[in-house]
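> Submitted below is the structure of interest, expressed as structure tokens.
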Amino acid sequence: MPTVDDILEHIGEFCFFQRQTFFLLALLSASFAPVYVGIVFLGFTPDHRCLSPGVAELSRRCGWSLAEELNFTVPDPGPEGEAFPRQCRSYQVDWNQSALGCVDPLASLASNRSHLPLGPCLHGWMYDTPGSSIVTEFNLVCANSWMLDLFQSAVNVGFFIGSVGIGYIADSRFGRKLCLLVTILINATSGVLMAISPTYTWMLIFRLIQGLVSKASWLIGYILITEFVGLSYRRTVGIFYQVAFTVGLLVLAGVAYALPHWRWLQFTVTLPNFCFLLYYWCIPESPRWLISQNKNAKAMTVIKYIARKNGKSLPASLQSLRPDEEIGGKMNPSFLDLVRTPQIRKHTLILMYNWFTGSVLYQGLIMHVGLAGSNIYLDFFYSALVEFPAAFLIILTIDRVGRRYPWAASNVVAGAACLASVFIPDGRMGITMAYQMVCLVNAELYPTFIRNLGVLVCSSMCDIGGVITPFLVYRLTDVWQEFPLLVFAVVGLIAGGLVLLLPETKGKTLPETIDEVENMQRPRKNKEKMIYLQVKKQDIPLS
């Protein structure tokens, strides 16, 4: 029985149909960027200070500049320049009393301002920003700053639950296409509802719902495009599907700059998702999944559709698949299939650790290095640009030296960059390469009937990494400023070593069964081959 890859060689591995589908799914990939990293702009925390009644009137009466008003009425920074007292405490003073003068008004109350009592910001805060964010609207600062962490943790928890649950459903019951369309609809609807949420609680709920479906949608799109194209194009479309996400980062920076108010920004980046529902008429179900579910007739219908779109004819010898009765029954995926057999169990554990590593290093380096930037839009834009060289390095090396060595090297480089952060200001390119490689190879190490489940379950570990990374960065920094970088280095170096234990997938077709995965072996010069060469040498006649 011919494989799907055999059929694609005759009807087109990357012709009109695949190019059109890749373009459509690349738009979906780009649209995931605002959900994944939108917190950078939605949750931007500007400089702020306590709102004190009477200060504005006193400042107007005295003709103070903003600098003078801050100097006279805002507490000094705390020990070692800590901003907390300045941003979260105010002098317990009645600023409306007439005894206060215009030159150092607090001098009449105490010879040393440090002796004046400080209290919490009872009347809210003033923010130094022309726009707005969820921080400024819901006052997620000082004692309420944990609510911003909860907002980001909620979307990562959603990523984790949705990846596992929807991945199982997409493989076992409803297929790629239906799950893709349903997740798109839920993502778009919850994104709009979040933009009009009247309270923090409702906003948090809708953000959690977005997390439940958005990452699953992105990964289903990745699985679909890699299953539609032929062997020789699989790695290229996989890489450029992720490059589309990087393009989404650049677009997000521009849109956020043009729309500094978070509600309008959320509306703008969410509404295009409704257009993706038109994919119902543009993208068919994966024929590989249909075959794995013993739906050969439907799979052949899709294959003929692809051939027609590509302007190719399907040879008669390839128009009949194995009859249904020759298959013992459709293959139902189970979570146990990811650990049941030795090779797949090894793949699962190593891939889960590498997804976790990618998330911790990717987000951790941004938190540790990028916080010192002065222009959030330019800093975000430039850091996204660094990801493009990573994609081209993968394309240049992946067919020459395979998957394992570039992947292992990128993890090692990312880990080493953490230690050498004084000389290398950002390890982003190394860990970006590792991120792109793990997504590509993950799909190549599982058989069709659990491929989507395998990718979604393994990738769910990056969501666990996303939840704990803020604690790694901010809590370990309290112990020692460079402690997080040391942890990142160790994690990255271990990931690079583990990658070398995986089989090389360069030039191999996507496995269809568990047996094919279990028989994946690195090429070795075994004894049988050596004996064969010796016999051949003895058979050469002497001249």
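Order determines the names: the first chain of the structure tokens is A, the second B, and so forth; residues in each chain are numbered 1 upward, and ligands are numbered 1 upward as they are shown.
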Please identify all polymer residues within 10 Å of Val339 of chain A, counting only C-alpha atoms, omitting same-chain residues fewer than 6 positions from it, and present them as a list in words.
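Contacts, in chain order: Arg345, Lys346, His347, Thr348 and Leu349 of chain A.
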> Set out as CSV a contact list for segment 253-359 of chain A and segment 35-58 of chain A with a cut-off of 9 Å, giving each residue of segment 253-359 of chain A that qualifies its closest atom pair and distance in Å to one decimal, counting only C-alpha atoms, ordered by chain and rising residue number.

residue,atom,partner,partner_atom,distance
A:Ala253,CA,A:Phe41,CA,8.5
A:Ala256,CA,A:Phe41,CA,6.8
A:Pro260,CA,A:Phe41,CA,8.2
A:His261,CA,A:Leu42,CA,8.4
A:Trp262,CA,A:Leu42,CA,5.4
A:Arg263,CA,A:Leu42,CA,8.4
A:Leu265,CA,A:Leu42,CA,8.0
A:Gln266,CA,A:Leu42,CA,7.9
A:Val269,CA,A:Val35,CA,9.0
> For those residues, write N, CA, C and O atoms to a file as a PDB file, in the first residue's frame.

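Here's the written file again09.pdb:
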ATOM      1  N   ALA A 253       4.073  44.883  17.765  1.00  0.00           N
ATOM      2  CA  ALA A 253       4.778  46.069  18.269  1.00  0.00           C
ATOM      3  C   ALA A 253       4.270  47.336  17.585  1.00  0.00           C
ATOM      4  O   ALA A 253       4.060  48.368  18.234  1.00  0.00           O
ATOM      5  N   ALA A 256       0.588  48.055  18.724  1.00  0.00           N
ATOM      6  CA  ALA A 256       0.571  48.545  20.104  1.00  0.00           C
ATOM      7  C   ALA A 256       1.057  49.988  20.185  1.00  0.00           C
ATOM      8  O   ALA A 256       0.554  50.775  20.997  1.00  0.00           O
ATOM      9  N   PRO A 260      -2.181  52.847  21.948  1.00  0.00           N
ATOM     10  CA  PRO A 260      -1.643  52.681  23.306  1.00  0.00           C
ATOM     11  C   PRO A 260      -2.695  52.372  24.368  1.00  0.00           C
ATOM     12  O   PRO A 260      -2.348  52.206  25.532  1.00  0.00           O
ATOM     13  N   HIS A 261      -3.962  52.301  23.974  1.00  0.00           N
ATOM     14  CA  HIS A 261      -5.031  51.986  24.929  1.00  0.00           C
ATOM     15  C   HIS A 261      -5.371  50.503  24.810  1.00  0.00           C
ATOM     16  O   HIS A 261      -5.707  50.012  23.723  1.00  0.00           O
ATOM     17  N   TRP A 262      -5.339  49.784  25.910  1.00  0.00           N
ATOM     18  CA  TRP A 262      -5.368  48.327  25.875  1.00  0.00           C
ATOM     19  C   TRP A 262      -6.655  47.756  25.297  1.00  0.00           C
ATOM     20  O   TRP A 262      -6.630  46.715  24.620  1.00  0.00           O
ATOM     21  N   ARG A 263      -7.779  48.389  25.536  1.00  0.00           N
ATOM     22  CA  ARG A 263      -9.039  47.840  25.014  1.00  0.00           C
ATOM     23  C   ARG A 263      -9.078  47.896  23.493  1.00  0.00           C
ATOM     24  O   ARG A 263      -9.478  46.923  22.827  1.00  0.00           O
ATOM     25  N   LEU A 265      -6.466  48.007  21.555  1.00  0.00           N
ATOM     26  CA  LEU A 265      -5.439  47.068  21.099  1.00  0.00           C
ATOM     27  C   LEU A 265      -5.987  45.642  21.101  1.00  0.00           C
ATOM     28  O   LEU A 265      -5.803  44.884  20.134  1.00  0.00           O
ATOM     29  N   GLN A 266      -6.672  45.253  22.171  1.00  0.00           N
ATOM     30  CA  GLN A 266      -7.240  43.910  22.262  1.00  0.00           C
ATOM     31  C   GLN A 266      -8.282  43.681  21.173  1.00  0.00           C
ATOM     32  O   GLN A 266      -8.329  42.612  20.553  1.00  0.00           O
ATOM     33  N   VAL A 269      -6.370  43.256  17.621  1.00  0.00           N
ATOM     34  CA  VAL A 269      -5.631  42.016  17.377  1.00  0.00           C
ATOM     35  C   VAL A 269      -6.538  40.787  17.433  1.00  0.00           C
ATOM     36  O   VAL A 269      -6.121  39.694  17.024  1.00  0.00           O
TER      37      VAL A 269
END
> Quick one: everything within 9 Å of Pro75 of chain A, counting only C-alpha atoms, minus sequence neighbours fewer than 2 positions away in the same chain. Send it as a PyMOL selection string.
chain A and resi 70-73+77-78+85-87+89-91+113-114+118
> Can you spit out the residues from that selection as a tab-separated table (two decimals), in the first residue's frame, using N, CA and C atoms?

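File written: part24.tsv
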chain	number	residue	atom	x	y	z
A	70	LEU	N	6.99	66.49	42.21
A	70	LEU	CA	7.46	65.19	42.67
A	70	LEU	C	8.46	65.35	43.81
A	71	ASN	N	9.32	66.32	43.69
A	71	ASN	CA	10.36	66.53	44.70
A	71	ASN	C	9.77	66.94	46.04
A	72	PHE	N	8.71	67.76	46.01
A	72	PHE	CA	8.15	68.30	47.24
A	72	PHE	C	7.12	67.36	47.89
A	73	THR	N	6.45	66.52	47.10
A	73	THR	CA	5.28	65.81	47.64
A	73	THR	C	5.38	64.28	47.63
A	77	PRO	N	13.15	57.67	47.23
A	77	PRO	CA	13.34	56.23	47.02
A	77	PRO	C	13.84	55.56	48.29
A	78	GLY	N	13.54	54.27	48.39
A	78	GLY	CA	13.96	53.50	49.55
A	78	GLY	C	15.42	53.12	49.49
A	85	PRO	N	8.65	52.55	48.14
A	85	PRO	CA	8.10	53.65	48.94
A	85	PRO	C	7.62	54.81	48.08
A	86	ARG	N	8.32	55.06	47.00
A	86	ARG	CA	7.98	56.20	46.15
A	86	ARG	C	6.68	55.94	45.38
A	87	GLN	N	6.44	54.69	45.01
A	87	GLN	CA	5.28	54.36	44.20
A	87	GLN	C	4.08	53.88	45.01
A	89	ARG	N	3.65	54.44	48.64
A	89	ARG	CA	3.43	55.11	49.92
A	89	ARG	C	3.26	56.61	49.67
A	90	SER	N	2.53	57.25	50.55
A	90	SER	CA	2.34	58.70	50.47
A	90	SER	C	2.45	59.30	51.87
A	91	TYR	N	2.82	60.57	51.92
A	91	TYR	CA	2.87	61.25	53.21
A	91	TYR	C	1.45	61.41	53.76
A	113	ARG	N	12.07	65.09	56.43
A	113	ARG	CA	10.89	64.45	55.87
A	113	ARG	C	10.81	62.96	56.18
A	114	SER	N	11.93	62.35	56.47
A	114	SER	CA	11.92	60.92	56.77
A	114	SER	C	11.19	60.62	58.08
A	118	LEU	N	4.28	57.62	56.78
A	118	LEU	CA	3.90	57.19	55.44
A	118	LEU	C	2.75	56.20	55.55
> Which neighbours of segment 394-402 of chain A fall inside 9 Å, counting only C-alpha atoms, when residues of the same chain fewer than 3 positions from it are skipped, and could you give them as a VMD selection string?
chain A and resid 235 to 236 239 389 to 391 405 to 407 433 436 to 437 504 to 507
> Counting only C-alpha atoms, give me one row per residue of segment 439-525 of chain A with an atom at most 6 Å from an atom of segment 160-177 of chain A, showing the shortest contact pair and its distance in Å to one decimal, sorted by chain then residue number, as a Markdown table.

| residue | atom | partner | partner_atom | distance |
| --- | --- | --- | --- | --- |
| A:Asn452 | CA | A:Gly167 | CA | 5.8 |
| A:Leu453 | CA | A:Gly167 | CA | 4.5 |
| A:Leu456 | CA | A:Ser163 | CA | 4.8 |
| A:Val457 | CA | A:Val164 | CA | 5.0 |
| A:Ser460 | CA | A:Phe160 | CA | 4.7 |
| A:Asp463 | CA | A:Phe160 | CA | 5.5 |
> Would you mind exporting C-alpha atoms of the selected residues as an mmCIF file, in the first residue's frame?

data_model
loop_
_atom_site.group_PDB
_atom_site.id
_atom_site.type_symbol
_atom_site.label_atom_id
_atom_site.label_comp_id
_atom_site.auth_asym_id
_atom_site.auth_seq_id
_atom_site.Cartn_x
_atom_site.Cartn_y
_atom_site.Cartn_z
ATOM 1 C CA ASN A 452 -1.207 15.750 17.358
ATOM 2 C CA LEU A 453 -1.585 14.409 20.902
ATOM 3 C CA LEU A 456 0.279 19.062 22.337
ATOM 4 C CA VAL A 457 1.131 17.029 25.455
ATOM 5 C CA SER A 460 2.243 21.693 27.401
ATOM 6 C CA ASP A 463 3.249 26.297 29.777
#
> Considering only C-alpha atoms, tabulate each residue of segment 245-364 of chain A that lies at most 8 Å from segment 2-17 of chain A along with its nearest interatomic pair and the corresponding distance in Å to one decimal; arrange the rows by chain and ascending residue number and present them as a Markdown table.

| residue | atom | partner | partner_atom | distance |
| --- | --- | --- | --- | --- |
| A:Pro287 | CA | A:Val4 | CA | 7.8 |
| A:Arg288 | CA | A:Val4 | CA | 6.9 |
| A:Ile306 | CA | A:Phe17 | CA | 6.2 |
| A:Ala307 | CA | A:Ile11 | CA | 5.0 |
| A:Lys309 | CA | A:Phe17 | CA | 5.6 |
| A:Asn310 | CA | A:Phe16 | CA | 5.2 |
| A:Lys312 | CA | A:Ile11 | CA | 5.3 |
| A:Ser313 | CA | A:Ile11 | CA | 6.6 |
| A:Leu314 | CA | A:Ile11 | CA | 6.3 |
| A:Pro315 | CA | A:His10 | CA | 7.8 |
| A:Leu318 | CA | A:Ile7 | CA | 6.7 |
| A:Leu321 | CA | A:Pro2 | CA | 7.6 |
> Could you dump the residues just selected with C-alpha atoms as a compact mmCIF listing (two decimals), in the first residue's frame?

# COMPACT_ATOMS: atom_id res chain seq x y z
CA PRO A 287 -5.76 12.58 4.80
CA ARG A 288 -3.16 11.09 7.15
CA ILE A 306 -5.43 18.06 -3.65
CA ALA A 307 -4.44 16.58 -7.03
CA LYS A 309 -6.08 21.85 -7.06
CA ASN A 310 -2.46 21.16 -8.06
CA LYS A 312 -2.08 16.90 -11.42
CA SER A 313 -3.54 13.53 -12.30
CA LEU A 314 -3.57 10.70 -9.80
CA PRO A 315 -2.16 7.46 -11.30
CA LEU A 318 -2.49 4.97 -6.41
CA LEU A 321 -6.04 2.31 -0.61
> Could you pull out the alpha helix (DSSP H) residues of segment 446-519 of chain A from DSSP and send them as number ranges by chain?
A: 448-479, 483-499, 514-518
> At what distance in Å, to one decimal, does atom CA of Gly466 of chain A lie from atom CA of Ala216 of chain A?
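So the two atoms, atom CA of Ala216 of chain A and atom CA of Gly466 of chain A, lie 15.8 Å apart.
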> Neighbouring residues of Glu512 of chain A were defined as those with any atom within 7 Å, considering only C-alpha atoms; residues of the same chain fewer than 3 positions away were excluded. Please report them as a list in words.
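The residues that qualify are Pro447, Thr448 and Glu516 of chain A.
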> From the set A:Leu502, A:Ala316, A:Ile450, A:Val213, which residue has the shortest atom-to-atom contact distance to Phe335 of chain A, counting only C-alpha atoms?
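Result for the nearest residue to Phe335 of chain A: A:Ile450.
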> Name all residues at most 8 Å from Cys458 of chain A (count only C-alpha atoms; drop same-chain ones fewer than 3 positions away) and give them as a list of chain:residue names.
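Close residues of Cys458 of chain A: A:Thr348, A:Leu351, A:Met352, A:Trp355, A:Gly454, A:Val455, A:Met461.
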> Just to be explicit: take each residue in the selection above, keep N, CA, C and O atoms, and write the result as a short mmCIF file (atom, residue, chain, number, x, y, z; two decimals), in the first residue's frame.

data_model
loop_
_atom_site.label_atom_id
_atom_site.label_comp_id
_atom_site.auth_asym_id
_atom_site.auth_seq_id
_atom_site.Cartn_x
_atom_site.Cartn_y
_atom_site.Cartn_z
N THR A 348 9.15 11.03 24.43
CA THR A 348 8.22 11.87 25.18
C THR A 348 8.93 12.60 26.31
O THR A 348 8.76 13.82 26.48
N LEU A 351 11.47 15.24 24.90
CA LEU A 351 10.77 16.36 24.27
C LEU A 351 10.08 17.24 25.31
O LEU A 351 10.10 18.47 25.20
N MET A 352 9.49 16.63 26.32
CA MET A 352 8.84 17.42 27.38
C MET A 352 9.85 18.30 28.09
O MET A 352 9.59 19.48 28.36
N TRP A 355 10.81 21.20 25.71
CA TRP A 355 9.79 22.25 25.66
C TRP A 355 9.84 23.11 26.92
O TRP A 355 9.74 24.34 26.86
N GLY A 454 0.81 13.91 20.78
CA GLY A 454 2.19 13.97 21.24
C GLY A 454 2.74 15.39 21.26
O GLY A 454 3.39 15.80 22.23
N VAL A 455 2.45 16.14 20.19
CA VAL A 455 2.94 17.52 20.13
C VAL A 455 2.29 18.37 21.21
O VAL A 455 2.94 19.15 21.91
N MET A 461 4.43 21.34 28.44
CA MET A 461 5.44 21.59 29.46
C MET A 461 5.99 23.01 29.37
O MET A 461 6.49 23.55 30.36
#
> Atom CA of Leu472 of chain A and atom CA of Leu219 of chain A, how far apart in Å?
26.8 Å
> Restricting the calculation to only C-alpha atoms, which member of A:Val135, A:Leu28, A:Ile514, A:Cys62 is positioned closest to Pro105 of chain A?
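Among A:Val135, A:Leu28, A:Ile514, A:Cys62, it is A:Cys62 that comes nearest to Pro105 of chain A.
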> Please list as a list in words every residue within 12 Å of Gly497 of chain A, counting only C-alpha atoms and excluding residues in the same chain fewer than 6 positions away.
Ile350, Tyr353, Asn354, Arg404, Tyr405, Pro406, Trp407, Ala408, Ala409, Ser410, Asn411, Val412, Gly415, Val490 and Val491 of chain A
> Out of A:Leu100, A:Ile220, A:Val237, A:Leu180, which residue has the shortest atom-to-atom distance to Leu278 of chain A when counting only C-alpha atoms?
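Once distances to Leu278 of chain A are computed over only C-alpha atoms, the minimum belongs to A:Leu180.
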> So which bits of segment 90-164 of chain A end up strand (DSSP E or B) when you DSSP the backbone, as an MDAnalysis selection string?
chainID A and resid 90:91 118:120 125:127 132
> Between A:Ala244, A:Leu493, A:Met203, A:Ala258, single out the one closest to Phe151 of chain A, counting only C-alpha atoms.
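Of the candidates, the smallest distance to Phe151 of chain A is held by A:Met203.
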